[in-house]
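Coordinates from coords_17.csv are shown below (CSV, C-alpha atoms and all ligand atoms).
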```
chain,number,residue,atom,x,y,z
S,23,MET,CA,-140.1,13.2,-150.7
S,24,LYS,CA,-140.0,16.8,-151.7
S,25,LEU,CA,-138.0,18.6,-149.1
S,26,VAL,CA,-136.4,21.9,-148.3
S,27,LEU,CA,-133.4,21.8,-146.0
S,28,LEU,CA,-133.0,25.0,-143.9
S,29,GLY,CA,-130.2,25.9,-141.6
S,30,ALA,CA,-127.2,28.3,-141.2
S,31,PRO,CA,-124.0,27.8,-143.1
S,32,GLY,CA,-122.2,25.0,-141.4
S,33,ALA,CA,-125.3,23.5,-139.9
S,34,GLY,CA,-124.7,20.2,-141.8
S,35,LYS,CA,-127.4,20.5,-144.5
S,36,GLY,CA,-125.2,19.2,-147.2
S,37,THR,CA,-123.9,16.3,-145.1
S,38,GLN,CA,-127.4,15.2,-144.2
S,39,ALA,CA,-128.7,15.7,-147.8
S,40,LYS,CA,-125.9,13.4,-149.0
S,41,LYS,CA,-127.0,10.7,-146.5
S,42,LEU,CA,-130.6,11.1,-147.6
S,43,ILE,CA,-129.8,10.7,-151.3
S,44,GLU,CA,-127.7,7.6,-150.5
S,45,LYS,CA,-130.6,6.1,-148.7
S,46,PHE,CA,-133.5,7.1,-150.9
S,47,GLY,CA,-131.9,7.7,-154.3
S,48,ILE,CA,-133.5,11.1,-154.9
S,49,PRO,CA,-131.5,14.0,-156.1
S,50,GLN,CA,-130.0,16.8,-154.0
S,51,ILE,CA,-130.3,20.2,-155.6
S,52,SER,CA,-127.7,22.3,-154.0
S,53,THR,CA,-127.5,25.8,-155.5
S,54,GLY,CA,-124.1,26.2,-153.8
S,55,ASP,CA,-122.8,23.1,-155.6
S,56,LEU,CA,-124.4,24.2,-158.9
S,57,LEU,CA,-122.8,27.7,-158.6
S,58,ARG,CA,-119.4,26.2,-157.6
S,59,ALA,CA,-119.5,24.0,-160.7
S,60,ALA,CA,-120.3,27.1,-162.9
S,61,VAL,CA,-117.4,29.0,-161.3
S,62,ALA,CA,-115.0,26.1,-161.9
S,63,ALA,CA,-116.2,25.8,-165.5
S,64,GLU,CA,-115.7,29.6,-165.9
S,65,THR,CA,-119.1,29.9,-167.6
S,66,GLU,CA,-120.6,33.4,-167.9
S,67,LEU,CA,-122.9,32.6,-165.0
S,68,GLY,CA,-120.0,31.4,-162.9
S,69,VAL,CA,-117.9,34.5,-163.6
S,70,GLN,CA,-120.9,36.6,-162.6
S,71,ALA,CA,-121.5,34.6,-159.4
S,72,LYS,CA,-117.9,34.3,-158.1
S,73,SER,CA,-117.5,37.9,-156.8
S,74,PHE,CA,-120.7,37.5,-154.7
S,75,MET,CA,-119.7,34.1,-153.4
S,76,ASP,CA,-116.2,35.2,-152.5
S,77,GLN,CA,-117.6,38.1,-150.4
S,78,GLY,CA,-120.2,35.8,-148.6
S,79,GLU,CA,-123.1,37.7,-150.3
S,80,LEU,CA,-126.0,36.0,-152.0
S,81,VAL,CA,-125.8,35.7,-155.8
S,82,PRO,CA,-128.7,37.7,-157.5
S,83,ASP,CA,-132.0,35.9,-157.4
S,84,SER,CA,-132.5,36.0,-161.2
S,85,VAL,CA,-129.3,33.8,-161.6
S,86,VAL,CA,-130.3,31.3,-159.0
S,87,LEU,CA,-134.0,31.0,-159.9
S,88,GLY,CA,-133.1,30.2,-163.6
S,89,MET,CA,-130.8,27.4,-162.4
S,90,VAL,CA,-133.2,25.8,-160.1
S,91,GLU,CA,-136.1,25.9,-162.5
S,92,GLU,CA,-134.0,24.2,-165.2
S,93,ARG,CA,-133.0,21.5,-162.6
S,94,LEU,CA,-136.5,20.9,-161.3
S,95,ASN,CA,-137.7,20.2,-164.9
S,96,GLN,CA,-135.3,17.3,-165.3
S,97,ASP,CA,-136.7,13.8,-165.2
S,98,ASP,CA,-134.9,12.7,-162.1
S,99,CYS,CA,-136.7,15.3,-160.0
S,100,GLN,CA,-140.2,14.1,-160.7
S,101,GLN,CA,-140.3,11.5,-157.8
S,102,GLY,CA,-138.8,13.9,-155.3
S,103,TYR,CA,-135.7,16.0,-154.4
S,104,ILE,CA,-133.9,17.7,-151.6
S,105,LEU,CA,-133.4,21.4,-152.0
S,106,ASP,CA,-130.2,22.3,-150.1
S,107,GLY,CA,-129.3,26.0,-149.7
S,108,PHE,CA,-132.3,27.1,-151.7
S,109,PRO,CA,-134.5,29.1,-151.0
S,110,ARG,CA,-132.2,31.7,-149.3
S,111,ASN,CA,-134.7,34.6,-148.9
S,112,THR,CA,-138.4,35.3,-149.2
S,113,VAL,CA,-138.3,36.3,-152.9
S,114,GLN,CA,-136.8,32.9,-153.7
S,115,ALA,CA,-139.3,31.1,-151.4
S,116,GLU,CA,-142.2,32.8,-153.2
S,117,ALA,CA,-140.7,32.1,-156.6
S,118,LEU,CA,-140.3,28.4,-155.6
S,119,ASP,CA,-144.0,28.2,-154.6
S,120,ASP,CA,-144.9,29.6,-158.0
S,121,MET,CA,-142.6,27.2,-159.9
S,122,LEU,CA,-143.9,24.2,-158.0
S,123,GLN,CA,-147.5,25.2,-158.6
S,124,SER,CA,-146.9,25.4,-162.3
S,125,LEU,CA,-145.2,22.0,-162.2
S,126,GLY,CA,-148.0,20.5,-160.2
S,127,MET,CA,-145.7,19.7,-157.3
S,128,ASP,CA,-146.1,20.4,-153.6
S,129,LEU,CA,-143.4,20.6,-150.9
S,130,ASP,CA,-143.8,17.9,-148.3
S,131,MET,CA,-141.7,19.6,-145.6
S,132,ALA,CA,-139.2,22.3,-144.8
S,133,LEU,CA,-136.7,20.8,-142.3
S,134,SER,CA,-134.6,23.2,-140.3
S,135,VAL,CA,-131.3,21.8,-139.0
S,136,ASP,CA,-130.6,23.8,-135.8
S,137,VAL,CA,-127.1,24.4,-134.5
S,138,PRO,CA,-126.0,27.0,-132.0
S,139,LEU,CA,-124.1,29.9,-133.5
S,140,GLU,CA,-121.0,29.2,-131.4
S,141,ASP,CA,-120.6,25.8,-133.0
S,142,LEU,CA,-120.9,27.0,-136.6
S,143,MET,CA,-117.5,28.8,-136.8
S,144,LYS,CA,-115.5,25.6,-136.0
S,145,ARG,CA,-117.7,23.6,-138.3
S,146,LEU,CA,-117.0,26.0,-141.2
S,147,THR,CA,-113.3,26.7,-140.6
S,148,GLY,CA,-112.7,22.9,-140.2
S,149,ARG,CA,-114.7,21.9,-143.3
S,150,ARG,CA,-112.8,20.1,-146.1
S,151,THR,CA,-114.3,18.6,-149.3
S,152,CYS,CA,-112.9,15.9,-151.6
S,153,ARG,CA,-112.2,17.3,-155.0
S,154,GLU,CA,-113.0,14.0,-156.7
S,155,CYS,CA,-116.2,12.7,-155.0
S,156,GLY,CA,-117.5,15.6,-152.9
S,157,GLN,CA,-117.2,13.6,-149.6
S,158,MET,CA,-117.1,16.1,-146.7
S,159,TYR,CA,-114.8,16.0,-143.6
S,160,ASN,CA,-114.1,18.3,-140.7
S,161,ILE,CA,-110.5,18.4,-139.4
S,162,TYR,CA,-111.9,18.9,-135.8
S,163,PHE,CA,-114.8,16.5,-135.7
S,164,SER,CA,-114.6,14.0,-138.5
S,165,PRO,CA,-111.0,14.0,-139.9
S,166,PRO,CA,-109.9,11.8,-142.7
S,167,ALA,CA,-107.5,8.9,-141.8
S,168,GLU,CA,-104.7,10.5,-143.8
S,169,GLU,CA,-104.4,14.3,-143.7
S,170,GLY,CA,-105.6,15.9,-146.9
S,171,ARG,CA,-106.8,12.7,-148.6
S,172,CYS,CA,-110.3,11.3,-149.0
S,173,ASP,CA,-111.0,8.0,-147.1
S,174,LYS,CA,-113.4,6.9,-149.8
S,175,CYS,CA,-111.5,7.6,-153.1
S,176,GLY,CA,-108.1,8.9,-152.1
S,177,GLY,CA,-108.9,12.3,-153.8
S,178,GLU,CA,-107.4,15.6,-152.6
S,179,LEU,CA,-109.2,17.5,-149.9
S,180,PHE,CA,-109.7,21.2,-150.3
S,181,GLN,CA,-111.1,24.1,-148.3
S,182,ARG,CA,-113.8,26.2,-150.0
S,183,ASP,CA,-112.7,29.8,-150.7
S,184,ASP,CA,-115.7,31.1,-148.7
S,185,ASP,CA,-114.9,28.9,-145.6
S,186,ARG,CA,-112.1,31.3,-144.6
S,187,GLU,CA,-112.7,33.2,-141.4
S,188,GLU,CA,-113.0,36.6,-143.1
S,189,THR,CA,-115.9,35.5,-145.2
S,190,ILE,CA,-117.7,33.3,-142.7
S,191,SER,CA,-119.0,36.1,-140.4
S,192,LYS,CA,-120.5,37.8,-143.5
S,193,ARG,CA,-122.2,34.6,-144.5
S,194,LEU,CA,-123.6,34.2,-141.0
S,195,GLU,CA,-124.9,37.8,-141.0
S,196,VAL,CA,-126.5,37.3,-144.4
S,197,TYR,CA,-128.1,34.1,-143.1
S,198,ASN,CA,-129.6,35.8,-140.1
S,199,ARG,CA,-130.9,38.7,-142.0
S,200,GLN,CA,-132.2,37.1,-145.2
S,201,THR,CA,-132.6,33.3,-144.7
S,202,ALA,CA,-133.6,32.8,-141.1
S,203,PRO,CA,-137.0,34.5,-141.7
S,204,LEU,CA,-137.9,31.5,-143.9
S,205,ILE,CA,-138.3,29.5,-140.7
S,206,ASP,CA,-141.5,31.6,-140.0
S,207,TYR,CA,-142.4,31.5,-143.7
S,208,TYR,CA,-142.7,27.7,-143.7
S,209,ARG,CA,-144.1,27.5,-140.1
S,210,GLU,CA,-147.0,29.6,-141.3
S,211,LYS,CA,-147.5,27.2,-144.2
S,212,ASP,CA,-147.6,24.4,-141.5
S,213,ILE,CA,-144.8,22.4,-143.2
S,214,LEU,CA,-141.9,23.3,-140.9
S,215,LYS,CA,-140.1,20.7,-138.7
S,216,SER,CA,-136.9,21.2,-136.8
S,217,VAL,CA,-134.1,18.8,-135.9
S,218,ASN,CA,-131.3,19.2,-133.4
S,219,GLY,CA,-128.1,19.4,-135.6
S,220,THR,CA,-125.6,19.0,-132.8
S,221,GLY,CA,-123.8,15.6,-132.2
S,222,GLY,CA,-122.3,13.0,-134.5
S,223,ILE,CA,-123.3,12.8,-138.1
S,224,ASP,CA,-125.1,9.4,-137.7
S,225,GLU,CA,-126.9,10.5,-134.6
S,226,ILE,CA,-128.2,13.6,-136.4
S,227,PHE,CA,-129.2,11.5,-139.4
S,228,ALA,CA,-131.3,9.3,-137.0
S,229,ASN,CA,-133.0,12.4,-135.8
S,230,VAL,CA,-133.6,13.5,-139.3
S,231,LEU,CA,-135.2,10.2,-140.3
S,232,SER,CA,-137.5,10.1,-137.3
S,233,THR,CA,-138.5,13.7,-137.8
S,234,LEU,CA,-139.3,12.8,-141.4
S,235,GLY,CA,-141.4,9.9,-140.1
S,236,LEU,CA,-139.1,7.3,-141.8
Q,301,LIG,P1,-123.6,27.1,-149.9
Q,301,LIG,O1,-122.8,26.1,-150.5
Q,301,LIG,O2,-125.1,26.8,-149.9
Q,301,LIG,O3,-123.2,27.6,-148.5
Q,301,LIG,O4,-123.5,28.4,-150.8
Q,301,LIG,C1,-122.3,29.1,-151.1
Q,301,LIG,C2,-122.5,30.5,-151.7
Q,301,LIG,O5,-123.2,30.3,-152.9
Q,301,LIG,C3,-123.4,31.4,-150.8
Q,301,LIG,O6,-122.6,32.1,-149.8
Q,301,LIG,C4,-123.9,32.3,-151.9
Q,301,LIG,O7,-123.0,33.3,-152.3
Q,301,LIG,C5,-124.2,31.4,-153.0
Q,301,LIG,N1,-125.5,30.8,-153.0
Q,301,LIG,C6,-125.8,29.4,-152.8
Q,301,LIG,N2,-127.1,29.2,-152.9
Q,301,LIG,C7,-127.7,30.5,-153.1
Q,301,LIG,C8,-129.0,30.9,-153.2
Q,301,LIG,N3,-130.1,30.1,-153.1
Q,301,LIG,N4,-129.2,32.2,-153.5
Q,301,LIG,C9,-128.2,33.1,-153.6
Q,301,LIG,N5,-126.9,32.7,-153.5
Q,301,LIG,C10,-126.6,31.4,-153.2
```
Translate this structure into structure tokens?
Ligand code: AMP
Amino acid sequence: MKLVLLGAPGAGKGTQAKKLIEKFGIPQISTGDLLRAAVAAETELGVQAKSFMDQGELVPDSVVLGMVEERLNQDDCQQGYILDGFPRNTVQAEALDDMLQSLGMDLDMALSVDVPLEDLMKRLTGRRTCRECGQMYNIYFSPPAEEGRCDKCGGELFQRDDDREETISKRLEVYNRQTAPLIDYYREKDILKSVNGTGGIDEIFANVLSTLGL
């Protein structure tokens, strides 16, 4: 399975990607996670990326493309992968096509997770992530049993810096302007499918599986 997950910030791409990797054992390549790891490790790339991320802007294509290419070349990607949060604009989508062509790989599908704009704000402001295992929660829709603690591993839950209200509207604007056009990009290639991203996590996952024909 070689899949691109499309959708606005807060649409639940990361949550569904994590469920797909649990079920199928293929890697999730999340450029957001890779960038956050670089920021936390204070690498040169991370320092460069942080100011863009904090403002809700896209990190320059050259930075992201290098990271993805390196990741796609690793052995665990040869059987399949889920690209989550990449590509984010047409330049990245075209560069991905070139990269895959040179690796002799084809995308099977671009799956768009559709959520109405009015739901996205609550999803983003309510989002919390476990510092230890990456499990995600939402304080409104799927809260942990104990406030601030992960149900799975007891780790501390944190709010992403860019999930604060001031940055969120910028991220949604960047999505509409730069990323949403990719829906047409993949429709024209005849590999686009859409799934309704509203409802419970398991209900959405059932929709995802049936849309993928699994
Ligand atoms: P995400 O976790 O996918 O919402 O990404 C968080 C932030 O990381 C975004 O708001 C961007 O600043 C940056 N980012 C993630 N993926 C990309 C990408 N493919 N291209 C450019 N910037 C990205």
Review point. When the cut-off is 7 Å and you count all atoms listed in the file, which residues lie near ligand LIG 301 (chain Q), shown as a ChimeraX atom specification?
Key: /S:31,52-55,57,74-75,78-83,86,106-110,193
Exercise for review: Write out as a PyMOL selection string each polymer residue whose atoms come within 10 Å of range 202-206 of chain S, counting all atoms listed in the file; drop sequence neighbours fewer than 2 positions from it.
Suggested key: chain S and resi 28-30+109-112+114-115+132-134+196-200+208-216
Point to revise | Residue contacts of Asp141 in chain S (10 Å, all atoms listed in the file) excluding same-chain residues fewer than 6 positions away, as a list in words | key: Gly32, Ala33 and Thr220 of chain S
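Interatomic distance, CA of Ile48 in chain S against CA of Gly102 in chain S: 6.0 Å.
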Exercise for review: Name the closest residue to Leu234 in chain S among the candidates S:Asn95, S:Met121, S:Val90, S:Met131; distances are taken between atoms, counting only C-alpha atoms.
Suggested key: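 Between S:Asn95, S:Met121, S:Val90, S:Met131, the residue approaching Leu234 in chain S most closely is S:Met131.
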**Study point:** Nearest to Asp136 in chain S by atom-to-atom distance, counting all atoms listed in the file, from S:Gly235, S:Gly221, S:Gly47, S:Gly177
**Key:**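 When distances to Asp136 in chain S are compared using all atoms listed in the file, the smallest one comes from S:Gly221.
Distance-wise, CA of Asn229 in chain S and CA of Thr37 in chain S end up 13.6 Å apart.
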Check your understanding: Neighbours of Ile190 in chain S within 8 Å (only C-alpha atoms; same-chain residues fewer than 6 positions away dropped), as a PyMOL selection string?
Key -> chain S and resi 78+143+146+184
Would you compute an axis-aligned box for range 100-112 of chain S, covering every atom listed for it in the file with 4 Å of margin on each side, and report centre and edge lengths in Å to one decimal as AutoDock Vina command-line options?
```
--center_x -134.8 --center_y 23.4 --center_z -154.8 --size_x 19.0 --size_y 31.8 --size_z 19.8
```
Practice item. Determine, counting all atoms listed in the file, which protein, DNA and RNA residues have an atom within 12 Å of an atom of Gly176 in chain S; residues of the same chain fewer than 5 positions away are not included. Present the result as a PyMOL selection string. Key: chain S and resi 151-157+166-171
Output range 131-142 of chain S as a CSV table (one decimal), in the frame of the given file, making sure N, CA, C and O atoms are there.
```
chain,number,residue,atom,x,y,z
S,131,MET,N,-142.2,19.1,-146.9
S,131,MET,CA,-141.7,19.6,-145.6
S,131,MET,C,-140.5,20.5,-145.8
S,131,MET,O,-139.7,20.4,-146.8
S,132,ALA,N,-140.4,21.5,-144.9
S,132,ALA,CA,-139.2,22.3,-144.8
S,132,ALA,C,-138.5,21.8,-143.4
S,132,ALA,O,-139.2,21.9,-142.4
S,133,LEU,N,-137.3,21.3,-143.5
S,133,LEU,CA,-136.7,20.8,-142.3
S,133,LEU,C,-135.5,21.7,-141.9
S,133,LEU,O,-134.6,21.9,-142.7
S,134,SER,N,-135.7,22.3,-140.7
S,134,SER,CA,-134.6,23.2,-140.3
S,134,SER,C,-133.6,22.4,-139.4
S,134,SER,O,-134.0,21.8,-138.4
S,135,VAL,N,-132.3,22.5,-139.8
S,135,VAL,CA,-131.3,21.8,-139.0
S,135,VAL,C,-130.7,22.9,-138.1
S,135,VAL,O,-130.1,23.8,-138.5
S,136,ASP,N,-130.9,22.7,-136.8
S,136,ASP,CA,-130.6,23.8,-135.8
S,136,ASP,C,-129.3,23.5,-135.1
S,136,ASP,O,-129.1,22.5,-134.4
S,137,VAL,N,-128.4,24.5,-135.2
S,137,VAL,CA,-127.1,24.4,-134.5
S,137,VAL,C,-126.8,25.7,-133.9
S,137,VAL,O,-126.9,26.7,-134.5
S,138,PRO,N,-126.3,25.7,-132.6
S,138,PRO,CA,-126.0,27.0,-132.0
S,138,PRO,C,-124.9,27.8,-132.7
S,138,PRO,O,-124.0,27.1,-133.2
S,139,LEU,N,-125.0,29.1,-132.7
S,139,LEU,CA,-124.1,29.9,-133.5
S,139,LEU,C,-122.6,29.7,-133.1
S,139,LEU,O,-121.7,29.6,-133.9
S,140,GLU,N,-122.4,29.4,-131.8
S,140,GLU,CA,-121.0,29.2,-131.4
S,140,GLU,C,-120.3,28.0,-132.0
S,140,GLU,O,-119.1,27.9,-132.1
S,141,ASP,N,-121.1,27.0,-132.4
S,141,ASP,CA,-120.6,25.8,-133.0
S,141,ASP,C,-120.3,26.0,-134.5
S,141,ASP,O,-119.5,25.2,-135.1
S,142,LEU,N,-121.0,26.9,-135.1
S,142,LEU,CA,-120.9,27.0,-136.6
S,142,LEU,C,-119.5,27.4,-137.1
S,142,LEU,O,-119.1,26.9,-138.1
```
